[in-house]
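Asker: I am sharing coords21.pdb, which consists of PDB, C-alpha atoms and all ligand atoms:
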```
MODEL        1
ATOM      1  CA  MET H   1       0.000   0.000   0.000
ATOM      2  CA  ASN H   2       1.381   3.382  -0.934
ATOM      3  CA  VAL H   3       0.252   6.891  -1.685
ATOM      4  CA  THR H   4      -0.396   6.119  -5.363
ATOM      5  CA  TRP H   5      -2.637   3.209  -4.371
ATOM      6  CA  HIS H   6      -4.592   5.460  -2.016
ATOM      7  CA  ILE H   7      -5.072   8.102  -4.682
ATOM      8  CA  ARG H   8      -6.176   5.502  -7.229
ATOM      9  CA  THR H   9      -8.670   4.012  -4.784
ATOM     10  CA  LEU H  10     -10.007   7.438  -3.926
ATOM     11  CA  VAL H  11     -10.391   8.343  -7.606
ATOM     12  CA  THR H  12     -12.189   5.057  -8.312
ATOM     13  CA  LEU H  13     -14.506   5.532  -5.340
ATOM     14  CA  LEU H  14     -15.272   9.086  -6.367
ATOM     15  CA  ALA H  15     -15.980   7.961  -9.925
ATOM     16  CA  VAL H  16     -18.402   5.341  -8.627
ATOM     17  CA  LEU H  17     -20.104   7.824  -6.305
ATOM     18  CA  ILE H  18     -20.376  10.526  -8.929
ATOM     19  CA  HIS H  19     -21.708   8.163 -11.574
ATOM     20  CA  LEU H  20     -24.068   6.097  -9.476
ATOM     21  CA  PRO H  21     -27.151   8.314  -9.724
ATOM     22  CA  ALA H  22     -26.646   8.762 -13.453
ATOM     23  CA  THR H  23     -26.051   5.154 -14.444
ATOM     24  CA  ALA H  24     -28.379   2.250 -14.958
ATOM     25  CA  GLN H  25     -30.746   0.955 -12.333
ATOM     26  CA  GLU H  26     -33.371  -1.765 -12.603
ATOM     27  CA  GLY H  27     -36.922  -0.442 -12.861
ATOM     28  CA  GLU H  28     -39.571  -3.169 -12.961
ATOM     29  CA  GLY H  29     -38.225  -5.095 -15.958
ATOM     30  CA  LEU H  30     -36.833  -2.052 -17.717
ATOM     31  CA  THR H  31     -33.382  -0.546 -17.237
ATOM     32  CA  ILE H  32     -33.453   3.142 -16.333
ATOM     33  CA  GLU H  33     -30.716   5.613 -17.269
ATOM     34  CA  ARG H  34     -30.791   9.159 -15.933
ATOM     35  CA  LEU H  35     -29.707  11.878 -18.383
ATOM     36  CA  SER H  36     -30.574  14.990 -16.340
ATOM     37  CA  ASP H  37     -32.616  16.106 -13.306
ATOM     38  CA  THR H  38     -35.831  15.482 -15.264
ATOM     39  CA  ILE H  39     -34.942  13.267 -18.262
ATOM     40  CA  TYR H  40     -34.526   9.496 -18.257
ATOM     41  CA  VAL H  41     -34.354   6.656 -20.766
ATOM     42  CA  LEU H  42     -36.038   3.290 -20.242
ATOM     43  CA  PHE H  43     -34.432   0.368 -22.090
ATOM     44  CA  GLY H  44     -36.361  -2.827 -22.773
ATOM     45  CA  ASP H  45     -37.435  -5.079 -25.630
ATOM     46  CA  GLY H  46     -38.845  -2.393 -27.907
ATOM     47  CA  GLY H  47     -37.689   1.094 -28.845
ATOM     48  CA  ASN H  48     -35.986   3.305 -26.269
ATOM     49  CA  ILE H  49     -38.436   5.271 -24.120
ATOM     50  CA  GLY H  50     -37.601   8.856 -23.220
ATOM     51  CA  VAL H  51     -39.147  10.131 -19.972
ATOM     52  CA  SER H  52     -39.601  13.686 -18.716
ATOM     53  CA  ALA H  53     -40.564  13.655 -15.031
ATOM     54  CA  GLY H  54     -40.608  16.899 -13.075
ATOM     55  CA  PRO H  55     -42.756  19.350 -11.105
ATOM     56  CA  ASP H  56     -45.222  19.957 -13.970
ATOM     57  CA  GLY H  57     -45.900  16.319 -14.708
ATOM     58  CA  VAL H  58     -44.729  13.324 -16.678
ATOM     59  CA  PHE H  59     -44.615  12.494 -20.350
ATOM     60  CA  ILE H  60     -42.976   9.633 -22.227
ATOM     61  CA  ILE H  61     -41.590   9.332 -25.739
ATOM     62  CA  ASP H  62     -42.654   5.982 -27.279
ATOM     63  CA  ASP H  63     -44.256   3.078 -25.441
ATOM     64  CA  GLN H  64     -42.610  -0.101 -26.771
ATOM     65  CA  LEU H  65     -44.625  -3.233 -27.551
ATOM     66  CA  ASP H  66     -48.246  -4.213 -27.021
ATOM     67  CA  GLY H  67     -48.406  -5.646 -23.487
ATOM     68  CA  ASP H  68     -45.635  -3.449 -22.036
ATOM     69  CA  GLY H  69     -47.916  -0.692 -20.669
ATOM     70  CA  GLU H  70     -48.110  -2.014 -17.116
ATOM     71  CA  MET H  71     -44.332  -2.501 -16.924
ATOM     72  CA  ILE H  72     -43.666   1.011 -18.283
ATOM     73  CA  THR H  73     -46.139   2.548 -15.815
ATOM     74  CA  LYS H  74     -44.426   0.785 -12.890
ATOM     75  CA  ALA H  75     -40.971   1.899 -14.031
ATOM     76  CA  VAL H  76     -42.150   5.515 -14.416
ATOM     77  CA  ALA H  77     -43.715   5.317 -10.937
ATOM     78  CA  THR H  78     -40.205   4.823  -9.516
ATOM     79  CA  LEU H  79     -39.358   8.288 -10.938
ATOM     80  CA  SER H  80     -42.522  10.287 -10.130
ATOM     81  CA  ASP H  81     -45.822  10.026  -8.259
ATOM     82  CA  LEU H  82     -47.582  11.948 -11.029
ATOM     83  CA  PRO H  83     -49.543  10.270 -13.845
ATOM     84  CA  ILE H  84     -48.278  10.047 -17.431
ATOM     85  CA  ASP H  85     -50.071  13.003 -19.074
ATOM     86  CA  TYR H  86     -48.724  12.573 -22.601
ATOM     87  CA  VAL H  87     -47.277   9.848 -24.795
ATOM     88  CA  LEU H  88     -45.293  11.108 -27.809
ATOM     89  CA  ASN H  89     -44.812   8.652 -30.688
ATOM     90  CA  THR H  90     -41.631   9.115 -32.768
ATOM     91  CA  HIS H  91     -43.327   6.964 -35.472
ATOM     92  CA  TRP H  92     -46.070   4.369 -35.910
ATOM     93  CA  HIS H  93     -44.052   1.115 -35.595
ATOM     94  CA  TRP H  94     -45.372  -1.570 -33.222
ATOM     95  CA  ASP H  95     -42.184  -1.549 -31.121
ATOM     96  CA  HIS H  96     -42.553   2.232 -30.480
ATOM     97  CA  ALA H  97     -46.328   2.766 -30.386
ATOM     98  CA  GLY H  98     -47.323  -0.762 -29.332
ATOM     99  CA  SER H  99     -48.755   0.208 -25.936
ATOM    100  CA  ASN H 100     -50.719   3.225 -27.225
ATOM    101  CA  GLU H 101     -54.043   1.522 -26.549
ATOM    102  CA  PHE H 102     -53.042   0.861 -22.925
ATOM    103  CA  PHE H 103     -52.057   4.502 -22.378
ATOM    104  CA  GLY H 104     -55.103   5.798 -24.279
ATOM    105  CA  HIS H 105     -57.327   3.901 -21.852
ATOM    106  CA  ALA H 106     -55.197   5.066 -18.900
ATOM    107  CA  GLY H 107     -55.979   8.693 -19.809
ATOM    108  CA  SER H 108     -52.713   9.800 -21.446
ATOM    109  CA  ALA H 109     -53.055  12.077 -24.474
ATOM    110  CA  ILE H 110     -51.123  10.573 -27.390
ATOM    111  CA  ILE H 111     -49.223  13.044 -29.584
ATOM    112  CA  ALA H 112     -47.696  12.288 -33.000
ATOM    113  CA  HIS H 113     -47.307  13.391 -36.604
ATOM    114  CA  ASP H 114     -50.507  13.344 -38.711
ATOM    115  CA  LYS H 115     -49.233  10.340 -40.664
ATOM    116  CA  VAL H 116     -48.700   8.274 -37.514
ATOM    117  CA  ARG H 117     -52.410   8.554 -36.825
ATOM    118  CA  SER H 118     -53.459   7.744 -40.398
ATOM    119  CA  ARG H 119     -51.080   4.762 -40.614
ATOM    120  CA  LEU H 120     -52.191   3.300 -37.291
ATOM    121  CA  GLU H 121     -55.788   3.803 -38.405
ATOM    122  CA  SER H 122     -55.311   2.042 -41.756
ATOM    123  CA  GLY H 123     -52.813  -0.708 -40.933
ATOM    124  CA  ILE H 124     -50.368  -1.855 -43.638
ATOM    125  CA  TYR H 125     -48.620  -4.827 -45.207
ATOM    126  CA  PHE H 126     -44.999  -4.611 -44.010
ATOM    127  CA  SER H 127     -43.106  -6.140 -46.923
ATOM    128  CA  GLN H 128     -39.608  -6.182 -45.431
ATOM    129  CA  ARG H 129     -40.639  -8.666 -42.747
ATOM    130  CA  ASP H 130     -43.609 -10.097 -44.701
ATOM    131  CA  PHE H 131     -46.488  -9.524 -42.306
ATOM    132  CA  ASP H 132     -49.748  -7.624 -42.063
ATOM    133  CA  VAL H 133     -50.179  -4.936 -39.426
ATOM    134  CA  PRO H 134     -53.930  -4.650 -38.724
ATOM    135  CA  PRO H 135     -55.663  -1.295 -38.117
ATOM    136  CA  ALA H 136     -55.137  -0.127 -34.528
ATOM    137  CA  PRO H 137     -58.091   0.291 -32.124
ATOM    138  CA  LYS H 138     -59.451   3.806 -31.624
ATOM    139  CA  LYS H 139     -57.868   4.287 -28.182
ATOM    140  CA  ALA H 140     -54.422   3.647 -29.706
ATOM    141  CA  LEU H 141     -54.686   6.605 -32.091
ATOM    142  CA  PRO H 142     -52.953   9.929 -31.362
ATOM    143  CA  VAL H 143     -55.458  12.595 -30.268
ATOM    144  CA  ILE H 144     -53.102  15.530 -30.854
ATOM    145  CA  THR H 145     -51.346  15.534 -34.230
ATOM    146  CA  PHE H 146     -49.057  17.950 -36.079
ATOM    147  CA  SER H 147     -47.715  18.358 -39.600
ATOM    148  CA  ASP H 148     -44.508  20.355 -38.973
ATOM    149  CA  SER H 149     -43.930  20.806 -35.252
ATOM    150  CA  LEU H 150     -45.349  21.438 -31.813
ATOM    151  CA  SER H 151     -43.892  22.419 -28.463
ATOM    152  CA  LEU H 152     -44.564  21.299 -24.906
ATOM    153  CA  HIS H 153     -43.671  23.794 -22.187
ATOM    154  CA  LEU H 154     -43.140  21.535 -19.215
ATOM    155  CA  ASN H 155     -40.662  20.755 -16.458
ATOM    156  CA  GLY H 156     -38.679  23.942 -16.927
ATOM    157  CA  GLU H 157     -38.088  23.904 -20.658
ATOM    158  CA  GLU H 158     -39.415  23.945 -24.193
ATOM    159  CA  VAL H 159     -39.656  20.488 -25.685
ATOM    160  CA  HIS H 160     -39.823  20.894 -29.447
ATOM    161  CA  MET H 161     -41.203  17.956 -31.470
ATOM    162  CA  PHE H 162     -40.734  18.327 -35.213
ATOM    163  CA  HIS H 163     -40.944  16.620 -38.577
ATOM    164  CA  VAL H 164     -38.411  17.319 -41.326
ATOM    165  CA  ALA H 165     -38.834  14.689 -44.010
ATOM    166  CA  ALA H 166     -40.122  11.160 -44.508
ATOM    167  CA  GLY H 167     -37.052   9.141 -43.448
ATOM    168  CA  HIS H 168     -37.398   5.967 -41.406
ATOM    169  CA  THR H 169     -41.176   6.316 -41.970
ATOM    170  CA  SER H 170     -43.423   8.969 -43.530
ATOM    171  CA  GLY H 171     -44.425  10.435 -40.147
ATOM    172  CA  ASP H 172     -41.155  10.699 -38.223
ATOM    173  CA  GLY H 173     -41.124  13.029 -35.216
ATOM    174  CA  ILE H 174     -37.901  14.112 -33.514
ATOM    175  CA  VAL H 175     -38.046  15.353 -29.918
ATOM    176  CA  TRP H 176     -35.616  18.057 -28.822
ATOM    177  CA  PHE H 177     -35.259  19.106 -25.175
ATOM    178  CA  LYS H 178     -33.841  22.543 -25.943
ATOM    179  CA  ASP H 179     -32.539  23.512 -22.498
ATOM    180  CA  SER H 180     -31.337  20.094 -21.393
ATOM    181  CA  ASN H 181     -29.543  19.560 -24.740
ATOM    182  CA  VAL H 182     -31.081  16.124 -25.234
ATOM    183  CA  VAL H 183     -32.663  14.811 -28.430
ATOM    184  CA  HIS H 184     -34.679  11.624 -29.092
ATOM    185  CA  MET H 185     -34.389  10.620 -32.754
ATOM    186  CA  GLY H 186     -36.612   7.553 -32.905
ATOM    187  CA  ASP H 187     -35.401   5.116 -35.561
ATOM    188  CA  ASN H 188     -33.706   7.786 -37.670
ATOM    189  CA  PHE H 189     -30.706   6.843 -35.524
ATOM    190  CA  LEU H 190     -29.806   3.357 -34.306
ATOM    191  CA  VAL H 191     -26.688   2.556 -32.290
ATOM    192  CA  GLY H 192     -24.836  -0.601 -33.354
ATOM    193  CA  ILE H 193     -27.668  -1.532 -35.730
ATOM    194  CA  TYR H 194     -28.032  -1.218 -39.511
ATOM    195  CA  PRO H 195     -30.658   1.312 -40.703
ATOM    196  CA  LEU H 196     -34.149   0.454 -41.894
ATOM    197  CA  ILE H 197     -36.304   2.392 -44.324
ATOM    198  CA  ASP H 198     -40.020   1.605 -44.134
ATOM    199  CA  VAL H 199     -40.649   1.905 -47.879
ATOM    200  CA  ASP H 200     -44.230   0.596 -47.609
ATOM    201  CA  ASP H 201     -45.041   3.608 -45.432
ATOM    202  CA  GLY H 202     -43.210   6.037 -47.740
ATOM    203  CA  GLY H 203     -39.849   6.239 -45.936
ATOM    204  CA  SER H 204     -36.761   7.508 -47.751
ATOM    205  CA  ILE H 205     -32.991   7.196 -47.287
ATOM    206  CA  GLU H 206     -32.503  10.778 -48.518
ATOM    207  CA  GLY H 207     -35.085  11.904 -45.970
ATOM    208  CA  MET H 208     -33.322   9.997 -43.183
ATOM    209  CA  ILE H 209     -30.051  11.751 -44.040
ATOM    210  CA  MET H 210     -31.895  15.110 -44.048
ATOM    211  CA  ASN H 211     -33.336  14.319 -40.615
ATOM    212  CA  ILE H 212     -29.853  13.500 -39.309
ATOM    213  CA  ASP H 213     -28.375  16.685 -40.831
ATOM    214  CA  THR H 214     -31.116  18.787 -39.247
ATOM    215  CA  VAL H 215     -30.278  17.394 -35.809
ATOM    216  CA  LEU H 216     -26.529  17.744 -36.367
ATOM    217  CA  ALA H 217     -27.081  21.463 -37.054
ATOM    218  CA  PHE H 218     -28.180  22.113 -33.450
ATOM    219  CA  THR H 219     -26.104  19.554 -31.554
ATOM    220  CA  ASN H 220     -22.736  20.122 -29.905
ATOM    221  CA  ASP H 221     -20.222  17.909 -28.102
ATOM    222  CA  GLU H 222     -22.363  17.920 -24.934
ATOM    223  CA  THR H 223     -25.631  16.860 -26.604
ATOM    224  CA  GLN H 224     -27.036  13.533 -25.436
ATOM    225  CA  VAL H 225     -28.612  11.755 -28.396
ATOM    226  CA  ILE H 226     -31.167   9.024 -27.688
ATOM    227  CA  PRO H 227     -31.411   6.533 -30.568
ATOM    228  CA  GLY H 228     -34.481   4.444 -31.356
ATOM    229  CA  HIS H 229     -32.545   1.367 -30.255
ATOM    230  CA  GLY H 230     -29.130   0.916 -28.622
ATOM    231  CA  ALA H 231     -27.190   2.936 -26.060
ATOM    232  CA  VAL H 232     -27.490   6.697 -25.583
ATOM    233  CA  SER H 233     -24.966   8.394 -27.848
ATOM    234  CA  ASP H 234     -23.663  11.810 -28.877
ATOM    235  CA  LYS H 235     -22.880  14.000 -31.865
ATOM    236  CA  ALA H 236     -19.870  11.859 -32.851
ATOM    237  CA  GLY H 237     -22.048   8.737 -32.778
ATOM    238  CA  LEU H 238     -24.649  10.424 -34.970
ATOM    239  CA  LEU H 239     -21.960  11.548 -37.433
ATOM    240  CA  ALA H 240     -20.731   7.939 -37.677
ATOM    241  CA  TYR H 241     -24.295   6.788 -38.399
ATOM    242  CA  ARG H 242     -24.654   9.467 -41.086
ATOM    243  CA  GLU H 243     -21.455   8.168 -42.714
ATOM    244  CA  LEU H 244     -22.826   4.586 -42.598
ATOM    245  CA  CYS H 245     -26.093   5.665 -44.253
ATOM    246  CA  ILE H 246     -24.307   7.600 -46.997
ATOM    247  CA  VAL H 247     -21.805   4.842 -47.822
ATOM    248  CA  LEU H 248     -24.522   2.154 -47.878
ATOM    249  CA  ARG H 249     -26.728   4.354 -50.070
ATOM    250  CA  ASP H 250     -23.891   4.974 -52.522
ATOM    251  CA  ARG H 251     -22.733   1.339 -52.659
ATOM    252  CA  ILE H 252     -26.281  -0.008 -53.125
ATOM    253  CA  THR H 253     -27.081   2.615 -55.772
ATOM    254  CA  GLU H 254     -23.967   1.598 -57.712
ATOM    255  CA  MET H 255     -24.556  -2.166 -57.331
ATOM    256  CA  LYS H 256     -28.247  -1.880 -58.179
ATOM    257  CA  GLY H 257     -27.267   0.099 -61.258
ATOM    258  CA  ARG H 258     -25.159  -2.884 -62.336
ATOM    259  CA  GLY H 259     -28.207  -5.152 -61.938
ATOM    260  CA  MET H 260     -26.996  -7.001 -58.827
ATOM    261  CA  THR H 261     -29.460  -8.824 -56.576
ATOM    262  CA  ILE H 262     -29.496  -8.324 -52.789
ATOM    263  CA  ASP H 263     -27.769 -11.700 -52.240
ATOM    264  CA  GLU H 264     -25.073 -10.719 -54.732
ATOM    265  CA  MET H 265     -24.585  -7.390 -52.934
ATOM    266  CA  ILE H 266     -24.111  -9.125 -49.570
ATOM    267  CA  ALA H 267     -21.693 -11.635 -51.154
ATOM    268  CA  ALA H 268     -19.813  -8.745 -52.786
ATOM    269  CA  GLY H 269     -19.307  -7.118 -49.366
ATOM    270  CA  VAL H 270     -21.781  -4.251 -49.504
ATOM    271  CA  THR H 271     -21.294  -3.729 -45.728
ATOM    272  CA  ASP H 272     -17.492  -4.184 -45.739
ATOM    273  CA  GLY H 273     -15.853  -2.278 -42.912
ATOM    274  CA  PHE H 274     -19.100  -1.763 -40.979
ATOM    275  CA  ASP H 275     -20.093  -5.150 -39.507
ATOM    276  CA  GLU H 276     -18.010  -4.814 -36.353
ATOM    277  CA  ALA H 277     -19.694  -1.579 -35.301
ATOM    278  CA  TRP H 278     -23.179  -1.952 -36.779
ATOM    279  CA  ASN H 279     -24.193  -5.622 -36.915
ATOM    280  CA  ASP H 280     -25.393  -6.075 -33.296
ATOM    281  CA  TRP H 281     -28.739  -7.485 -34.513
ATOM    282  CA  GLY H 282     -27.071 -10.110 -36.740
ATOM    283  CA  GLU H 283     -27.254 -11.367 -40.310
ATOM    284  CA  ASP H 284     -31.048 -11.630 -40.572
ATOM    285  CA  TRP H 285     -31.456  -7.957 -39.657
ATOM    286  CA  LYS H 286     -28.602  -6.973 -41.973
ATOM    287  CA  MET H 287     -30.500  -8.656 -44.833
ATOM    288  CA  THR H 288     -33.686  -6.760 -43.869
ATOM    289  CA  SER H 289     -31.739  -3.495 -43.779
ATOM    290  CA  ILE H 290     -30.127  -3.988 -47.195
ATOM    291  CA  LYS H 291     -33.456  -5.129 -48.645
ATOM    292  CA  SER H 292     -35.124  -1.943 -47.390
ATOM    293  CA  LEU H 293     -32.366   0.311 -48.747
ATOM    294  CA  TYR H 294     -32.490  -1.537 -52.093
ATOM    295  CA  ALA H 295     -36.240  -0.897 -52.276
ATOM    296  CA  ALA H 296     -35.803   2.746 -51.212
ATOM    297  CA  ILE H 297     -33.263   3.518 -53.962
ATOM    298  CA  PRO H 298     -34.812   4.186 -57.383
TER     299      PRO H 298
HETATM  300 ZN    ZN M 301     -39.159   1.824 -36.469
ENDMDL
END
```
How would this structure read if it were set down as structure tokens?

Answerer:
Amino acid sequence: MNVTWHIRTLVTLLAVLIHLPATAQEGEGLTIERLSDTIYVLFGDGGNIGVSAGPDGVFIIDDQLDGDGEMITKAVATLSDLPIDYVLNTHWHWDHAGSNEFFGHAGSAIIAHDKVRSRLESGIYFSQRDFDVPPAPKKALPVITFSDSLSLHLNGEEVHMFHVAAGHTSGDGIVWFKDSNVVHMGDNFLVGIYPLIDVDDGGSIEGMIMNIDTVLAFTNDETQVIPGHGAVSDKAGLLAYRELCIVLRDRITEMKGRGMTIDEMIAAGVTDGFDEAWNDWGEDWKMTSIKSLYAAIP
């Protein structure tokens, strides 16, 4: 034992103490990460849930899968005694808006882009995974919708929800906590996971890149960026994702122009150099991703 050892131990202990409140804790089946005094992320089986819990009330961004409502409510109850007033949907997908019906019945007002409501109302055949999504029940539909943007003035700041372009889906909404410097991007940003364009719904790779560029314009090195899936990231992580999207778009455009099939593209190494960082969901998902980009490129 010497002085250096003592200093190292002290530094380690301090690091643990300082980080403890901000790092993961178990919350009724979901892992909770604290990003600020009022903002949290819940990680589970579906898309990442953003939570704002403060003196004015509670709202959540996305509500995972059908059947998760009870679990989400219990996890949020560990953060606040107040009810969940609003549920914001970043897009219509079943792993982000799956518990809408539960929260609609519970009295939360669901907020989303106009096209989230119309898509949930109509249902759709989802060609990339070959299944039918039936029309959603009335209580699952957003009751407050917007075409360009809306703002919530709650818990000490302006929370700006906006739509730029059809990217991941036709009705993408990005949520920006202006004062806390936190942004939730839905599935226009995935961490460790290849991108997906919902072409059946009118998504677009060019639109996804526009969405990313719009967010990059107001982020700085301190911004905390919540992806639709994967760990909370930052501006550098979003820039790396932008690069991935652009290179994949360019490679697939070129290969498609030469008449190559999707299998031939994979065999020819269309994702060369990216698998280590972006293939967390495995080969089946990679195929789905490439298939969706192929379909999205004219
Ligand atoms: Zn999605």

Asker: Please produce, as CSV, a per-residue contact table for chain H versus ligand ZN 301 (chain M) (criterion: any atom at most 8 Å away, only C-alpha atoms and all ligand atoms considered), showing the nearest atom pair and its distance in Å to one decimal, sorted by chain then residue number.

Answerer:
```
residue,atom,partner,partner_atom,distance
H:Gly47,CA,M:ZN301,ZN,7.8
H:His91,CA,M:ZN301,ZN,6.7
H:Trp92,CA,M:ZN301,ZN,7.4
H:His93,CA,M:ZN301,ZN,5.0
H:Trp94,CA,M:ZN301,ZN,7.8
H:Asp95,CA,M:ZN301,ZN,7.0
H:His96,CA,M:ZN301,ZN,6.9
H:His168,CA,M:ZN301,ZN,6.7
H:Thr169,CA,M:ZN301,ZN,7.4
H:Gly186,CA,M:ZN301,ZN,7.2
H:Asp187,CA,M:ZN301,ZN,5.1
H:Leu196,CA,M:ZN301,ZN,7.5
H:Asp198,CA,M:ZN301,ZN,7.7
H:Gly228,CA,M:ZN301,ZN,7.4
```

Asker: Between H:Ile61, H:Pro83, H:Thr261, H:Asn100, which has the minimum distance to H:Trp176 (counting all atoms listed in the file)?

Answerer: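 Closest residue, counting all atoms listed in the file: H:Ile61.
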
Asker: When you count all atoms listed in the file, which of these residues is closest to H:Leu190: H:Thr78, H:Asn279, H:Thr219, H:Thr31?

Answerer: H:Asn279

Asker: Write out as an mmCIF file with C-alpha atoms, keeping the file's coordinate frame the residues lying within 8 Å of H:Leu79, counting all atoms listed in the file and excluding same-chain residues fewer than 3 positions away.

Answerer:
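Result file is result_12.cif:
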```
data_model
loop_
_atom_site.group_PDB
_atom_site.id
_atom_site.type_symbol
_atom_site.label_atom_id
_atom_site.label_comp_id
_atom_site.auth_asym_id
_atom_site.auth_seq_id
_atom_site.Cartn_x
_atom_site.Cartn_y
_atom_site.Cartn_z
ATOM 1 C CA ALA H 53 -40.564 13.655 -15.031
ATOM 2 C CA ALA H 75 -40.971 1.899 -14.031
ATOM 3 C CA VAL H 76 -42.150 5.515 -14.416
#
```

Asker: Name the residues captured by the PyMOL selection byres (((chain H and resi 150) around 7) and not hetatm) when it is applied to the shown file; answer as a list of chain:residue names.

Answerer: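 Applying the PyMOL selection byres (((chain H and resi 150) around 7) and not hetatm) to the structure shown produces H:Phe146, H:Ser149, H:Ser151, H:Leu152, H:His160, H:Met161, H:Phe162.
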
Asker: Record the distance separating atom CA of H:Gly202 and atom CA of H:His229, expressed in Å with one decimal.

Answerer: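 Calculated distance between atom CA of H:Gly202 and atom CA of H:His229 is 21.0 Å.
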
Asker: Kindly give the distance, in Å, that separates atom CA of H:Ala277 and atom CA of H:Leu35, rounded to a single decimal.

Answerer: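 These two atoms are separated by 23.8 Å.
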
Asker: Mind giving me the straight-line distance from atom CA of H:Ser289 to atom CA of H:Ile197 in Å, one decimal?

Answerer: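 Atom-to-atom, atom CA of H:Ser289 and atom CA of H:Ile197 are spaced 7.5 Å apart.
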
Asker: Name the residues captured by the PyMOL selection byres (((chain H and resi 84-88) around 7) and not hetatm) when it is applied to the shown file; answer as a ChimeraX atom specification.

Answerer: /H:57-62,82-83,89-90,108-112

Asker: Kindly export the residues of the current selection with C-alpha atoms, as a PDB file, keeping the file's coordinate frame.

Answerer:
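Below is the file selection.pdb, written as the result:
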```pdb
ATOM      1  CA  GLY H  57     -45.900  16.319 -14.708  1.00  0.00           C
ATOM      2  CA  VAL H  58     -44.729  13.324 -16.678  1.00  0.00           C
ATOM      3  CA  PHE H  59     -44.615  12.494 -20.350  1.00  0.00           C
ATOM      4  CA  ILE H  60     -42.976   9.633 -22.227  1.00  0.00           C
ATOM      5  CA  ILE H  61     -41.590   9.332 -25.739  1.00  0.00           C
ATOM      6  CA  ASP H  62     -42.654   5.982 -27.279  1.00  0.00           C
ATOM      7  CA  LEU H  82     -47.582  11.948 -11.029  1.00  0.00           C
ATOM      8  CA  PRO H  83     -49.543  10.270 -13.845  1.00  0.00           C
ATOM      9  CA  ASN H  89     -44.812   8.652 -30.688  1.00  0.00           C
ATOM     10  CA  THR H  90     -41.631   9.115 -32.768  1.00  0.00           C
ATOM     11  CA  SER H 108     -52.713   9.800 -21.446  1.00  0.00           C
ATOM     12  CA  ALA H 109     -53.055  12.077 -24.474  1.00  0.00           C
ATOM     13  CA  ILE H 110     -51.123  10.573 -27.390  1.00  0.00           C
ATOM     14  CA  ILE H 111     -49.223  13.044 -29.584  1.00  0.00           C
ATOM     15  CA  ALA H 112     -47.696  12.288 -33.000  1.00  0.00           C
TER      16      ALA H 112
END
```

Asker: Could you list the residues chosen by the PyMOL selection byres (((chain H and resi 139) around 7) and not hetatm) in this structure as JSON, numbers by chain?

Answerer: {"H": [101, 104, 105, 137, 138, 140, 141]}

Asker: For each of H:Glu222, H:Ile174, H:Ile212, H:Thr271, take the minimum atom-to-atom distance to H:Arg242, counting all atoms listed in the file, then give the residue where this is smallest.

Answerer: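 Looking only at the distances to H:Arg242, the closest residue turns out to be H:Ile212.
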
Asker: Find the residue from H:Ala295, H:Val164, H:Ala217, H:Val133 that sits nearest to H:His113; use all atoms listed in the file when measuring.

Answerer: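 Among H:Ala295, H:Val164, H:Ala217, H:Val133, it is H:Val164 that comes nearest to H:His113.
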
Asker: Which residue is closest to H:Gly98? Choose from H:Met71, H:Ile266, H:Ala136, H:Met255 and count all atoms listed in the file.

Answerer: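 Smallest separation from H:Gly98 among the options: H:Ala136.
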
Asker: Of the candidates H:Leu30, H:Ala166, H:Met185, H:Leu120, which one gets nearest to H:Val232 if we count only C-alpha atoms?

Answerer: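 Among the listed residues, the smallest separation from H:Val232 belongs to H:Met185.
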
Asker: Please tell me which residues are no farther than 7 Å from (-20.3, 4.5, -36.5) in the file, counting all atoms listed in the file, and write them as a compact mmCIF listing (two decimals) with C-alpha atoms, keeping the file's coordinate frame.

Answerer:
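That gives us result-v9.txt:
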```txt
# COMPACT_ATOMS: atom_id res chain seq x y z
CA GLY H 237 -22.05 8.74 -32.78
CA ALA H 240 -20.73 7.94 -37.68
CA TYR H 241 -24.30 6.79 -38.40
CA LEU H 244 -22.83 4.59 -42.60
CA ALA H 277 -19.69 -1.58 -35.30
```

Asker: In file coordinates, which residues lie within 10 Å of (-35.8, 7.9, -22.8) using all atoms listed in the file, given as an MDAnalysis selection string?

Answerer: chainID H and resid 32:35 39:43 47:52 60:62 182:184 225:228 232

Asker: Quick one: what's the axis-aligned box for stretch 174-186 of chain H, all listed atoms, 8 Å on every side, centre and edges in Å to one decimal, as JSON?

Answerer:
```
{"center_x": -33.8, "center_y": 15.5, "center_z": -27.5, "size_x": 24.5, "size_y": 32.0, "size_z": 28.1}
```
